[in-house]
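**Q** Here you go, this is structure-v8.pdb (PDB, C-alpha atoms and all ligand atoms).
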```pdb
ATOM      1  CA  MET A1354    -135.856 277.257 -89.785  1.00  0.00           C
ATOM      2  CA  ARG A1355    -132.114 276.922 -90.239  1.00  0.00           C
ATOM      3  CA  SER A1356    -130.209 278.299 -93.222  1.00  0.00           C
ATOM      4  CA  ALA A1357    -126.815 277.627 -94.742  1.00  0.00           C
ATOM      5  CA  VAL A1358    -124.593 280.032 -96.648  1.00  0.00           C
ATOM      6  CA  VAL A1359    -121.795 278.666 -98.790  1.00  0.00           C
ATOM      7  CA  ILE A1360    -119.338 281.405 -99.674  1.00  0.00           C
ATOM      8  CA  ALA A1361    -117.581 280.988-102.998  1.00  0.00           C
ATOM      9  CA  GLY A1362    -116.697 284.493-104.215  1.00  0.00           C
ATOM     10  CA  GLY A1363    -112.919 284.103-103.999  1.00  0.00           C
ATOM     11  CA  ARG A1364    -110.504 283.950-106.949  1.00  0.00           C
ATOM     12  CA  SER A1365    -108.863 280.591-106.151  1.00  0.00           C
ATOM     13  CA  THR A1366    -105.438 282.063-106.919  1.00  0.00           C
ATOM     14  CA  ARG A1367    -103.552 279.318-105.105  1.00  0.00           C
ATOM     15  CA  PHE A1368    -105.515 276.733-107.086  1.00  0.00           C
ATOM     16  CA  GLY A1369    -104.604 278.155-110.500  1.00  0.00           C
ATOM     17  CA  ASP A1370    -106.624 279.167-113.557  1.00  0.00           C
ATOM     18  CA  ALA A1371    -109.904 277.509-112.563  1.00  0.00           C
ATOM     19  CA  ASP A1372    -112.590 278.116-109.960  1.00  0.00           C
ATOM     20  CA  LYS A1373    -111.965 275.651-107.132  1.00  0.00           C
ATOM     21  CA  ALA A1374    -115.645 275.893-106.115  1.00  0.00           C
ATOM     22  CA  VAL A1375    -116.715 273.835-109.132  1.00  0.00           C
ATOM     23  CA  ALA A1376    -113.540 271.804-109.591  1.00  0.00           C
ATOM     24  CA  ARG A1377    -114.361 268.108-109.434  1.00  0.00           C
ATOM     25  CA  LEU A1378    -113.241 266.332-106.324  1.00  0.00           C
ATOM     26  CA  ALA A1379    -113.548 262.556-106.749  1.00  0.00           C
ATOM     27  CA  GLY A1380    -116.071 263.224-109.527  1.00  0.00           C
ATOM     28  CA  THR A1381    -118.249 265.824-107.792  1.00  0.00           C
ATOM     29  CA  PRO A1382    -117.853 269.629-107.818  1.00  0.00           C
ATOM     30  CA  MET A1383    -116.382 270.662-104.456  1.00  0.00           C
ATOM     31  CA  ILE A1384    -119.199 273.105-103.666  1.00  0.00           C
ATOM     32  CA  ARG A1385    -121.722 270.304-104.223  1.00  0.00           C
ATOM     33  CA  ARG A1386    -119.876 268.111-101.721  1.00  0.00           C
ATOM     34  CA  VAL A1387    -120.147 270.904 -99.171  1.00  0.00           C
ATOM     35  CA  ALA A1388    -123.835 271.458 -99.953  1.00  0.00           C
ATOM     36  CA  ASP A1389    -124.654 267.735 -99.805  1.00  0.00           C
ATOM     37  CA  ARG A1390    -123.178 267.469 -96.309  1.00  0.00           C
ATOM     38  CA  LEU A1391    -125.324 270.377 -95.148  1.00  0.00           C
ATOM     39  CA  ALA A1392    -128.622 269.113 -96.592  1.00  0.00           C
ATOM     40  CA  ALA A1393    -129.500 267.025 -93.537  1.00  0.00           C
ATOM     41  CA  VAL A1394    -129.074 269.856 -91.021  1.00  0.00           C
ATOM     42  CA  VAL A1395    -130.538 272.952 -92.717  1.00  0.00           C
ATOM     43  CA  ASP A1396    -133.755 273.913 -94.510  1.00  0.00           C
ATOM     44  CA  GLU A1397    -132.406 276.166 -97.249  1.00  0.00           C
ATOM     45  CA  LEU A1398    -129.136 276.982 -98.945  1.00  0.00           C
ATOM     46  CA  VAL A1399    -127.767 280.341-100.081  1.00  0.00           C
ATOM     47  CA  VAL A1400    -124.728 280.512-102.351  1.00  0.00           C
ATOM     48  CA  ASN A1401    -122.620 283.674-102.283  1.00  0.00           C
ATOM     49  CA  CYS A1402    -120.471 284.211-105.384  1.00  0.00           C
ATOM     50  CA  ARG A1403    -119.813 286.610-108.277  1.00  0.00           C
ATOM     51  CA  VAL A1404    -122.179 286.901-111.214  1.00  0.00           C
ATOM     52  CA  ASP A1405    -119.612 285.269-113.542  1.00  0.00           C
ATOM     53  CA  GLN A1406    -119.559 282.137-111.361  1.00  0.00           C
ATOM     54  CA  ARG A1407    -123.302 281.654-111.192  1.00  0.00           C
ATOM     55  CA  ALA A1408    -123.995 279.461-114.233  1.00  0.00           C
ATOM     56  CA  ALA A1409    -121.302 276.916-113.367  1.00  0.00           C
ATOM     57  CA  ILE A1410    -122.360 276.748-109.715  1.00  0.00           C
ATOM     58  CA  GLU A1411    -126.029 276.466-110.689  1.00  0.00           C
ATOM     59  CA  ALA A1412    -125.137 273.482-112.858  1.00  0.00           C
ATOM     60  CA  ALA A1413    -123.191 271.947-109.960  1.00  0.00           C
ATOM     61  CA  MET A1414    -126.268 272.306-107.741  1.00  0.00           C
ATOM     62  CA  ALA A1415    -128.733 270.636-110.160  1.00  0.00           C
ATOM     63  CA  ASP A1416    -131.381 268.537-108.376  1.00  0.00           C
ATOM     64  CA  TYR A1417    -130.251 269.618-104.916  1.00  0.00           C
ATOM     65  CA  PRO A1418    -132.959 268.540-102.433  1.00  0.00           C
ATOM     66  CA  LEU A1419    -133.371 271.973-100.782  1.00  0.00           C
ATOM     67  CA  SER A1420    -134.160 275.467-102.024  1.00  0.00           C
ATOM     68  CA  VAL A1421    -131.022 277.129-103.423  1.00  0.00           C
ATOM     69  CA  ARG A1422    -130.762 280.907-103.739  1.00  0.00           C
ATOM     70  CA  PHE A1423    -127.918 283.024-105.032  1.00  0.00           C
ATOM     71  CA  ALA A1424    -126.644 286.109-103.194  1.00  0.00           C
ATOM     72  CA  LEU A1425    -124.316 287.734-105.700  1.00  0.00           C
ATOM     73  CA  ASP A1426    -121.544 290.150-104.721  1.00  0.00           C
ATOM     74  CA  ASP A1427    -122.311 293.718-105.821  1.00  0.00           C
ATOM     75  CA  ASP A1428    -118.739 294.657-104.997  1.00  0.00           C
ATOM     76  CA  THR A1429    -116.430 291.765-105.825  1.00  0.00           C
ATOM     77  CA  ASP A1430    -113.127 290.923-104.153  1.00  0.00           C
ATOM     78  CA  GLU A1431    -114.071 292.562-100.863  1.00  0.00           C
ATOM     79  CA  GLY A1432    -112.917 289.496 -98.959  1.00  0.00           C
ATOM     80  CA  PRO A1433    -114.649 286.595 -97.207  1.00  0.00           C
ATOM     81  CA  MET A1434    -116.347 288.738 -94.553  1.00  0.00           C
ATOM     82  CA  ALA A1435    -118.158 290.733 -97.240  1.00  0.00           C
ATOM     83  CA  GLY A1436    -119.331 287.449 -98.762  1.00  0.00           C
ATOM     84  CA  ILE A1437    -120.573 286.263 -95.370  1.00  0.00           C
ATOM     85  CA  GLY A1438    -122.617 289.450 -94.948  1.00  0.00           C
ATOM     86  CA  THR A1439    -124.078 289.276 -98.452  1.00  0.00           C
ATOM     87  CA  GLY A1440    -125.028 285.629 -98.018  1.00  0.00           C
ATOM     88  CA  LEU A1441    -126.563 286.095 -94.569  1.00  0.00           C
ATOM     89  CA  ALA A1442    -128.670 289.032 -95.772  1.00  0.00           C
ATOM     90  CA  ALA A1443    -130.382 286.649 -98.213  1.00  0.00           C
ATOM     91  CA  CYS A1444    -131.272 284.001 -95.588  1.00  0.00           C
ATOM     92  CA  GLU A1445    -134.753 283.365 -94.246  1.00  0.00           C
ATOM     93  CA  GLY A1446    -133.724 281.512 -91.091  1.00  0.00           C
ATOM     94  CA  GLU A1447    -132.975 283.262 -87.815  1.00  0.00           C
ATOM     95  CA  TYR A1448    -129.672 281.411 -87.679  1.00  0.00           C
ATOM     96  CA  ALA A1449    -127.410 280.267 -90.496  1.00  0.00           C
ATOM     97  CA  VAL A1450    -124.260 278.242 -90.736  1.00  0.00           C
ATOM     98  CA  VAL A1451    -121.646 279.777 -92.992  1.00  0.00           C
ATOM     99  CA  VAL A1452    -119.267 277.357 -94.699  1.00  0.00           C
ATOM    100  CA  ALA A1453    -116.512 278.090 -97.218  1.00  0.00           C
ATOM    101  CA  CYS A1454    -116.843 276.288-100.554  1.00  0.00           C
ATOM    102  CA  ASP A1455    -113.437 274.689-100.039  1.00  0.00           C
ATOM    103  CA  MET A1456    -114.350 272.717 -96.885  1.00  0.00           C
ATOM    104  CA  PRO A1457    -115.579 269.423 -98.399  1.00  0.00           C
ATOM    105  CA  PHE A1458    -115.125 267.483 -95.155  1.00  0.00           C
ATOM    106  CA  VAL A1459    -117.629 269.648 -93.282  1.00  0.00           C
ATOM    107  CA  ASP A1460    -119.234 267.422 -90.640  1.00  0.00           C
ATOM    108  CA  PRO A1461    -123.022 267.778 -90.257  1.00  0.00           C
ATOM    109  CA  ASP A1462    -122.726 266.718 -86.604  1.00  0.00           C
ATOM    110  CA  VAL A1463    -120.404 269.659 -85.929  1.00  0.00           C
ATOM    111  CA  VAL A1464    -122.768 272.010 -87.764  1.00  0.00           C
ATOM    112  CA  ALA A1465    -125.746 270.745 -85.751  1.00  0.00           C
ATOM    113  CA  TYR A1466    -123.772 271.266 -82.538  1.00  0.00           C
ATOM    114  CA  LEU A1467    -122.887 274.856 -83.501  1.00  0.00           C
ATOM    115  CA  PHE A1468    -126.581 275.580 -84.185  1.00  0.00           C
ATOM    116  CA  GLU A1469    -127.513 274.142 -80.790  1.00  0.00           C
ATOM    117  CA  ARG A1470    -124.921 276.234 -78.968  1.00  0.00           C
ATOM    118  CA  ALA A1471    -125.995 279.474 -80.673  1.00  0.00           C
ATOM    119  CA  GLU A1472    -129.732 278.808 -80.318  1.00  0.00           C
ATOM    120  CA  ASP A1473    -129.625 277.493 -76.740  1.00  0.00           C
ATOM    121  CA  GLU A1474    -127.547 280.401 -75.501  1.00  0.00           C
ATOM    122  CA  GLY A1475    -129.392 282.940 -77.653  1.00  0.00           C
ATOM    123  CA  VAL A1476    -126.177 284.573 -78.881  1.00  0.00           C
ATOM    124  CA  ASP A1477    -125.447 286.256 -82.216  1.00  0.00           C
ATOM    125  CA  ALA A1478    -122.734 283.782 -83.168  1.00  0.00           C
ATOM    126  CA  ALA A1479    -121.031 280.535 -82.196  1.00  0.00           C
ATOM    127  CA  VAL A1480    -117.523 280.525 -83.623  1.00  0.00           C
ATOM    128  CA  PRO A1481    -115.103 277.592 -83.295  1.00  0.00           C
ATOM    129  CA  LYS A1482    -111.563 278.290 -82.124  1.00  0.00           C
ATOM    130  CA  LEU A1483    -108.900 275.653 -82.615  1.00  0.00           C
ATOM    131  CA  ASP A1484    -106.005 274.974 -80.291  1.00  0.00           C
ATOM    132  CA  ASP A1485    -103.700 276.673 -82.828  1.00  0.00           C
ATOM    133  CA  GLY A1486    -105.499 279.909 -81.950  1.00  0.00           C
ATOM    134  CA  TRP A1487    -107.396 280.399 -85.238  1.00  0.00           C
ATOM    135  CA  TYR A1488    -111.055 281.298 -85.221  1.00  0.00           C
ATOM    136  CA  GLN A1489    -113.013 279.320 -87.815  1.00  0.00           C
ATOM    137  CA  THR A1490    -115.229 282.163 -88.999  1.00  0.00           C
ATOM    138  CA  THR A1491    -115.892 280.401 -92.305  1.00  0.00           C
ATOM    139  CA  GLN A1492    -117.449 277.455 -90.505  1.00  0.00           C
ATOM    140  CA  ALA A1493    -119.567 279.090 -87.831  1.00  0.00           C
ATOM    141  CA  VAL A1494    -123.199 279.781 -86.980  1.00  0.00           C
ATOM    142  CA  TYR A1495    -124.498 283.363 -87.000  1.00  0.00           C
ATOM    143  CA  ARG A1496    -127.750 285.123 -86.245  1.00  0.00           C
ATOM    144  CA  THR A1497    -128.473 286.190 -89.791  1.00  0.00           C
ATOM    145  CA  GLU A1498    -129.788 289.741 -89.368  1.00  0.00           C
ATOM    146  CA  ALA A1499    -127.373 290.783 -86.630  1.00  0.00           C
ATOM    147  CA  MET A1500    -124.296 289.504 -88.449  1.00  0.00           C
ATOM    148  CA  ALA A1501    -125.367 290.832 -91.863  1.00  0.00           C
ATOM    149  CA  THR A1502    -125.773 294.292 -90.327  1.00  0.00           C
ATOM    150  CA  ALA A1503    -122.481 294.027 -88.433  1.00  0.00           C
ATOM    151  CA  CYS A1504    -120.672 293.082 -91.663  1.00  0.00           C
ATOM    152  CA  GLU A1505    -122.168 296.109 -93.447  1.00  0.00           C
ATOM    153  CA  ASN A1506    -121.119 298.360 -90.575  1.00  0.00           C
ATOM    154  CA  ALA A1507    -117.553 297.031 -90.547  1.00  0.00           C
ATOM    155  CA  LEU A1508    -117.219 297.422 -94.327  1.00  0.00           C
ATOM    156  CA  ALA A1509    -118.686 300.943 -94.149  1.00  0.00           C
ATOM    157  CA  ARG A1510    -115.900 301.943 -91.752  1.00  0.00           C
ATOM    158  CA  GLY A1511    -113.336 300.339 -94.063  1.00  0.00           C
ATOM    159  CA  ASP A1512    -112.604 297.312 -91.888  1.00  0.00           C
ATOM    160  CA  ARG A1513    -112.508 294.066 -93.894  1.00  0.00           C
ATOM    161  CA  LYS A1514    -111.025 291.930 -91.096  1.00  0.00           C
ATOM    162  CA  ILE A1515    -113.027 288.762 -90.645  1.00  0.00           C
ATOM    163  CA  LEU A1516    -113.370 289.264 -86.874  1.00  0.00           C
ATOM    164  CA  ALA A1517    -114.377 292.940 -87.172  1.00  0.00           C
ATOM    165  CA  PRO A1518    -118.170 292.443 -87.281  1.00  0.00           C
ATOM    166  CA  LEU A1519    -118.053 290.321 -84.132  1.00  0.00           C
ATOM    167  CA  GLU A1520    -116.873 293.332 -82.132  1.00  0.00           C
ATOM    168  CA  GLU A1521    -120.436 294.656 -81.998  1.00  0.00           C
ATOM    169  CA  LEU A1522    -122.082 291.267 -81.368  1.00  0.00           C
ATOM    170  CA  GLU A1523    -122.607 288.960 -78.432  1.00  0.00           C
ATOM    171  CA  TRP A1524    -120.929 285.717 -79.395  1.00  0.00           C
ATOM    172  CA  LEU A1525    -119.411 282.613 -77.932  1.00  0.00           C
ATOM    173  CA  VAL A1526    -116.263 280.680 -78.670  1.00  0.00           C
ATOM    174  CA  VAL A1527    -116.578 276.938 -79.206  1.00  0.00           C
ATOM    175  CA  ASP A1528    -113.263 275.359 -78.394  1.00  0.00           C
ATOM    176  CA  GLU A1529    -111.560 272.483 -80.155  1.00  0.00           C
ATOM    177  CA  ALA A1530    -112.186 270.000 -77.337  1.00  0.00           C
ATOM    178  CA  ALA A1531    -115.954 270.548 -77.585  1.00  0.00           C
ATOM    179  CA  ILE A1532    -115.893 270.097 -81.367  1.00  0.00           C
ATOM    180  CA  ASP A1533    -113.839 266.929 -80.974  1.00  0.00           C
ATOM    181  CA  VAL A1534    -116.512 265.443 -78.684  1.00  0.00           C
ATOM    182  CA  HIS A1535    -119.327 266.166 -81.140  1.00  0.00           C
ATOM    183  CA  GLY A1536    -117.753 265.401 -84.493  1.00  0.00           C
ATOM    184  CA  ASP A1537    -114.706 265.160 -86.682  1.00  0.00           C
ATOM    185  CA  LEU A1538    -112.004 267.844 -86.628  1.00  0.00           C
ATOM    186  CA  ASP A1539    -111.379 267.220 -90.351  1.00  0.00           C
ATOM    187  CA  THR A1540    -114.486 269.380 -90.725  1.00  0.00           C
ATOM    188  CA  PHE A1541    -112.224 272.474 -90.784  1.00  0.00           C
ATOM    189  CA  GLU A1542    -109.823 271.263 -93.446  1.00  0.00           C
ATOM    190  CA  ASN A1543    -109.833 273.554 -96.477  1.00  0.00           C
ATOM    191  CA  LEU A1544    -108.357 272.855 -99.888  1.00  0.00           C
ATOM    192  CA  ASN A1545    -106.402 275.617-101.569  1.00  0.00           C
ATOM    193  CA  THR A1546    -103.877 274.087-103.985  1.00  0.00           C
ATOM    194  CA  ARG A1547    -103.990 271.443-106.721  1.00  0.00           C
ATOM    195  CA  GLU A1548    -101.776 269.334-104.501  1.00  0.00           C
ATOM    196  CA  GLU A1549    -104.167 269.498-101.530  1.00  0.00           C
ATOM    197  CA  PHE A1550    -106.987 268.661-103.938  1.00  0.00           C
ATOM    198  CA  ALA A1551    -105.175 265.629-105.316  1.00  0.00           C
ATOM    199  CA  ASP A1552    -104.320 264.409-101.812  1.00  0.00           C
ATOM    200  CA  ALA A1553    -107.968 264.690-100.739  1.00  0.00           C
ATOM    201  CA  GLN A1554    -109.444 262.685-103.666  1.00  0.00           C
ATOM    202  CA  SER A1555    -108.778 259.306-102.090  1.00  0.00           C
ATOM    203  CA  ARG A1556    -110.719 260.243 -98.935  1.00  0.00           C
ATOM    204  CA  PHE A1557    -114.117 260.188-100.643  1.00  0.00           C
TER     205      PHE A1557
HETATM  206  N1  LIG B   1    -117.619 286.816-101.657  1.00  0.00           N
HETATM  207  C1  LIG B   1    -116.305 286.647-101.494  1.00  0.00           C
HETATM  208  N2  LIG B   1    -115.835 285.472-101.023  1.00  0.00           N
HETATM  209  C2  LIG B   1    -114.490 285.324-100.901  1.00  0.00           C
HETATM  210  C3  LIG B   1    -113.577 286.353-101.221  1.00  0.00           C
HETATM  211  N3  LIG B   1    -112.312 285.900-100.982  1.00  0.00           N
HETATM  212  C4  LIG B   1    -112.441 284.649-100.534  1.00  0.00           C
HETATM  213  N4  LIG B   1    -113.748 284.281-100.486  1.00  0.00           N
HETATM  214  C5  LIG B   1    -114.269 282.987-100.050  1.00  0.00           C
HETATM  215  O1  LIG B   1    -113.786 282.738 -98.747  1.00  0.00           O
HETATM  216  C6  LIG B   1    -113.425 281.384 -98.581  1.00  0.00           C
HETATM  217  C7  LIG B   1    -111.997 281.243 -98.108  1.00  0.00           C
HETATM  218  O2  LIG B   1    -111.152 281.959 -98.987  1.00  0.00           O
HETATM  219  P1  LIG B   1    -109.820 281.379 -99.628  1.00  0.00           P
HETATM  220  O3  LIG B   1    -109.506 280.018 -99.157  1.00  0.00           O
HETATM  221  O4  LIG B   1    -108.777 282.432 -99.493  1.00  0.00           O
HETATM  222  O5  LIG B   1    -110.287 281.243-101.169  1.00  0.00           O
HETATM  223  P2  LIG B   1    -109.858 282.103-102.401  1.00  0.00           P
HETATM  224  O6  LIG B   1    -109.669 283.517-102.004  1.00  0.00           O
HETATM  225  O7  LIG B   1    -110.811 281.795-103.496  1.00  0.00           O
HETATM  226  O8  LIG B   1    -108.462 281.446-102.791  1.00  0.00           O
HETATM  227  P3  LIG B   1    -107.014 282.155-102.861  1.00  0.00           P
HETATM  228  O9  LIG B   1    -107.097 283.122-104.010  1.00  0.00           O
HETATM  229  O10 LIG B   1    -106.081 281.024-103.131  1.00  0.00           O
HETATM  230  O11 LIG B   1    -106.816 282.839-101.522  1.00  0.00           O
HETATM  231  C8  LIG B   1    -113.689 280.712 -99.928  1.00  0.00           C
HETATM  232  O12 LIG B   1    -114.919 280.071 -99.818  1.00  0.00           O
HETATM  233  C9  LIG B   1    -113.733 281.855-100.905  1.00  0.00           C
HETATM  234  O13 LIG B   1    -114.595 281.605-102.012  1.00  0.00           O
HETATM  235  C10 LIG B   1    -114.114 287.592-101.710  1.00  0.00           C
HETATM  236  O14 LIG B   1    -113.380 288.548-102.028  1.00  0.00           O
HETATM  237  N5  LIG B   1    -115.477 287.691-101.825  1.00  0.00           N
HETATM  238 MG    MG B   2    -108.192 284.094-100.493  1.00  0.00          MG
END
```
Any chance you could give the structure as structure tokens?
Ligand SMILES: Nc1nc2c(ncn2[C@@H]2O[C@H](COP(=O)(O)OP(=O)(O)OP(=O)(O)O)[C@@H](O)[C@H]2O)c(=O)[nH]1
Ligand SMILES: [Mg+2]
**A**
Amino acid sequence: MRSAVVIAGGRSTRFGDADKAVARLAGTPMIRRVADRLAAVVDELVVNCRVDQRAAIEAAMADYPLSVRFALDDDTDEGPMAGIGTGLAACEGEYAVVVACDMPFVDPDVVAYLFERAEDEGVDAAVPKLDDGWYQTTQAVYRTEAMATACENALARGDRKILAPLEELEWLVVDEAAIDVHGDLDTFENLNTREEFADAQSRF
């Protein structure tokens, strides 16, 4: 069983006075675009967000083909890593892909490849790293229990850095060249501003 966590508990400050998770992108809420691309490669979906976001996201997820569960932030605004931990703790699969709600070009072939790498090598995480040096921790596969615990531990010692939980895990880096062979590098594009949103509309 494979799970997916979509993290959506951010404040969308660069987007403006609306939640980008449910903003319509070429007619469909962005989080639904992300979820639809994951449906073919996972067995269940967990949404991490704040309680005040739940109703709108639930509406966006109407008639989704897989089970959808909500993992709500007890402490809000603790950063993406806290959201990853909260979401993973609610998963039933041994492994889960985590994807940010603002990555509507997420490529299911890339996700499937990340699952294969993590499962085949039996590691706690498979995290892409692009040639620009950035780790793509919000589009990576994690062993759910190990990473959820590592996130709790990092937060308990006051470390909210997104790479902090990985310090206690056994994980592998998936480089850009390997991703490029298995799928589309647009998979990592994330939309933060109204302008980026508008520019992306025509690509659906
Ligand atoms: N649970 C949770 N998720 C978060 C938090 N901050 C960001 N995220 C999520 O992490 C992902 C990447 O974050 P950003 O692109 O910075 O999104 P954001 O924080 O909503 O937007 P900005 O306010 O413009 O930075 C998005 O899916 C966010 O929903 C947080 O404090 N808690
Ligand atoms: Mg942010």
**Q** If we draw a sphere of 12 Å around (-116.5, 290.0, -103.9), which residues have at least one atom in it when counting only C-alpha atoms? Please report them as a JSON list (two decimals) with C-alpha atoms, in the coordinates of the input.
**A**
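For reference, point.json as written:
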```
[["chain", "number", "residue", "atom", "x", "y", "z"],
["A", 1360, "ILE", "CA", -119.34, 281.40, -99.67],
["A", 1361, "ALA", "CA", -117.58, 280.99, -103.00],
["A", 1362, "GLY", "CA", -116.70, 284.49, -104.22],
["A", 1363, "GLY", "CA", -112.92, 284.10, -104.00],
["A", 1364, "ARG", "CA", -110.50, 283.95, -106.95],
["A", 1401, "ASN", "CA", -122.62, 283.67, -102.28],
["A", 1402, "CYS", "CA", -120.47, 284.21, -105.38],
["A", 1403, "ARG", "CA", -119.81, 286.61, -108.28],
["A", 1404, "VAL", "CA", -122.18, 286.90, -111.21],
["A", 1405, "ASP", "CA", -119.61, 285.27, -113.54],
["A", 1406, "GLN", "CA", -119.56, 282.14, -111.36],
["A", 1424, "ALA", "CA", -126.64, 286.11, -103.19],
["A", 1425, "LEU", "CA", -124.32, 287.73, -105.70],
["A", 1426, "ASP", "CA", -121.54, 290.15, -104.72],
["A", 1427, "ASP", "CA", -122.31, 293.72, -105.82],
["A", 1428, "ASP", "CA", -118.74, 294.66, -105.00],
["A", 1429, "THR", "CA", -116.43, 291.76, -105.82],
["A", 1430, "ASP", "CA", -113.13, 290.92, -104.15],
["A", 1431, "GLU", "CA", -114.07, 292.56, -100.86],
["A", 1432, "GLY", "CA", -112.92, 289.50, -98.96],
["A", 1433, "PRO", "CA", -114.65, 286.60, -97.21],
["A", 1434, "MET", "CA", -116.35, 288.74, -94.55],
["A", 1435, "ALA", "CA", -118.16, 290.73, -97.24],
["A", 1436, "GLY", "CA", -119.33, 287.45, -98.76],
["A", 1437, "ILE", "CA", -120.57, 286.26, -95.37],
["A", 1438, "GLY", "CA", -122.62, 289.45, -94.95],
["A", 1439, "THR", "CA", -124.08, 289.28, -98.45],
["A", 1440, "GLY", "CA", -125.03, 285.63, -98.02],
["A", 1513, "ARG", "CA", -112.51, 294.07, -93.89]]
```
**Q** Choose the residue, out of A:Met1354, A:Met1456, A:Met1383, A:Ala1393, that has the smallest atom-to-atom separation from Asn1543 in chain A; count all atoms listed in the file.
**A**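 Checking each candidate against Asn1543 in chain A, we get A:Met1456 as the closest.
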**Q** Go ahead and compute the interatomic distance for CA of Thr1366 in chain A and CA of Arg1556 in chain A, in Å to one decimal.
**A**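 Separation of CA of Thr1366 in chain A and CA of Arg1556 in chain A: 23.8 Å.
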**Q** Counting all atoms listed in the file, write as an NGL selection string all protein and nucleic acid residues lying at most 9 Å from (-110.9, 275.0, -100.0) in the file's frame.
**A** :A and (1365 or 1373-1374 or 1383 or 1453-1457 or 1542-1546 or 1549-1550)
**Q** Quote the spacing between CA of Ala1408 in chain A and CA of Lys1514 in chain A in Å to one decimal place.
**A**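 One can read the CA of Ala1408 in chain A to CA of Lys1514 in chain A distance as 29.3 Å.
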**Q** Which residues are close to Arg1377 in chain A, i.e. within 12 Å by all atoms listed in the file, leaving aside same-chain residues fewer than 5 positions away? Reply as JSON, numbers by chain.
**A** {"A": [1371, 1372, 1382, 1383, 1384, 1385, 1386, 1409, 1410, 1413, 1455, 1457, 1547, 1550, 1551, 1553, 1554, 1557]}
**Q** What is the atom O4 of ligand LIG 1 (chain B)-CA of Ala1517 in chain A distance in Å, reported with one decimal?
**A**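 Separation of atom O4 of ligand LIG 1 (chain B) and CA of Ala1517 in chain A: 17.1 Å.
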**Q** Rank nothing, just name the residue among A:Asp1460, A:Ser1356, A:Asn1506, A:Val1375 nearest to Tyr1448 in chain A, using all atoms listed in the file.
**A**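 Among the listed residues, A:Ser1356 lies closest to Tyr1448 in chain A.
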**Q** Rank nothing, just name the residue among A:Val1421, A:Ala1392, A:Ala1379, A:Val1526 nearest to Gln1489 in chain A, using all atoms listed in the file.
**A**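 Using all atoms listed in the file, Gln1489 in chain A sits closest to A:Val1526.
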**Q** Between A:Ala1412, A:Ala1388, A:Val1452, A:Asp1370, which one has atoms that come closest to ligand LIG 1 (chain B), using all atoms listed in the file?
**A**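 Closest to ligand LIG 1 (chain B), using all atoms listed in the file: A:Val1452.
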**Q** Would you mind telling me which residue in A:Thr1491, A:Leu1391, A:Thr1497, A:Asp1484 lies nearest to ligand LIG 1 (chain B) when using only C-alpha atoms and all ligand atoms?
**A**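 Using only C-alpha atoms and all ligand atoms, the shortest distance to ligand LIG 1 (chain B) belongs to A:Thr1491.
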**Q** Ranking A:Ile1532, A:Ile1515, A:Ala1493, A:Ala1479 by minimum distance to ligand MG 2 (chain B) and counting only C-alpha atoms and all ligand atoms, which one comes first?
**A**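 Distance minimum relative to ligand MG 2 (chain B) lands on A:Ile1515.
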**Q** Would you compute an axis-aligned box for range 1408-1415 of chain A, covering every atom listed for it in the file with 4 Å of margin on each side, and report centre and edge lengths in Å to one decimal as AutoDock Vina command-line options?
**A**
```
--center_x -125.0 --center_y 275.0 --center_z -111.0 --size_x 15.4 --size_y 16.8 --size_z 14.5
```
**Q** Let me know the residues the PyMOL selection byres (((chain A and resi 1536) around 10) and not hetatm) catches in the file above, as a PyMOL selection string.
**A** chain A and resi 1459-1466+1531-1535+1537-1540
**Q** Could you tell me which residues the PyMOL selection byres (((chain A and resi 1498) around 8) and not hetatm) returns for this structure, as number ranges by chain?
**A** A: 1441-1442, 1447, 1496-1497, 1499-1502
**Q** My structure is short of atoms at range 1394-1403 of chain A; please model N, CA and C atoms there, returning them as a PDB file, in the frame of the given file.
**A**
```
ATOM      1  N   VAL A1394    -129.005 269.039 -92.239  1.00  0.00           N
ATOM      2  CA  VAL A1394    -129.074 269.856 -91.021  1.00  0.00           C
ATOM      3  C   VAL A1394    -129.621 271.265 -91.229  1.00  0.00           C
ATOM      4  N   VAL A1395    -129.936 271.634 -92.479  1.00  0.00           N
ATOM      5  CA  VAL A1395    -130.538 272.952 -92.717  1.00  0.00           C
ATOM      6  C   VAL A1395    -131.767 272.800 -93.612  1.00  0.00           C
ATOM      7  N   ASP A1396    -132.512 273.925 -93.734  1.00  0.00           N
ATOM      8  CA  ASP A1396    -133.755 273.913 -94.510  1.00  0.00           C
ATOM      9  C   ASP A1396    -133.633 274.639 -95.844  1.00  0.00           C
ATOM     10  N   GLU A1397    -132.608 275.462 -95.979  1.00  0.00           N
ATOM     11  CA  GLU A1397    -132.406 276.166 -97.249  1.00  0.00           C
ATOM     12  C   GLU A1397    -130.928 276.478 -97.399  1.00  0.00           C
ATOM     13  N   LEU A1398    -130.537 276.698 -98.657  1.00  0.00           N
ATOM     14  CA  LEU A1398    -129.136 276.982 -98.945  1.00  0.00           C
ATOM     15  C   LEU A1398    -129.015 278.264 -99.754  1.00  0.00           C
ATOM     16  N   VAL A1399    -128.087 279.124 -99.339  1.00  0.00           N
ATOM     17  CA  VAL A1399    -127.767 280.341-100.081  1.00  0.00           C
ATOM     18  C   VAL A1399    -126.313 280.236-100.533  1.00  0.00           C
ATOM     19  N   VAL A1400    -126.089 280.507-101.809  1.00  0.00           N
ATOM     20  CA  VAL A1400    -124.728 280.512-102.351  1.00  0.00           C
ATOM     21  C   VAL A1400    -124.306 281.954-102.589  1.00  0.00           C
ATOM     22  N   ASN A1401    -123.180 282.351-102.012  1.00  0.00           N
ATOM     23  CA  ASN A1401    -122.620 283.674-102.283  1.00  0.00           C
ATOM     24  C   ASN A1401    -121.465 283.529-103.270  1.00  0.00           C
ATOM     25  N   CYS A1402    -121.543 284.241-104.387  1.00  0.00           N
ATOM     26  CA  CYS A1402    -120.471 284.211-105.384  1.00  0.00           C
ATOM     27  C   CYS A1402    -120.583 285.444-106.276  1.00  0.00           C
ATOM     28  N   ARG A1403    -119.717 285.525-107.285  1.00  0.00           N
ATOM     29  CA  ARG A1403    -119.813 286.610-108.277  1.00  0.00           C
ATOM     30  C   ARG A1403    -120.760 286.191-109.399  1.00  0.00           C
TER      31      ARG A1403
END
```
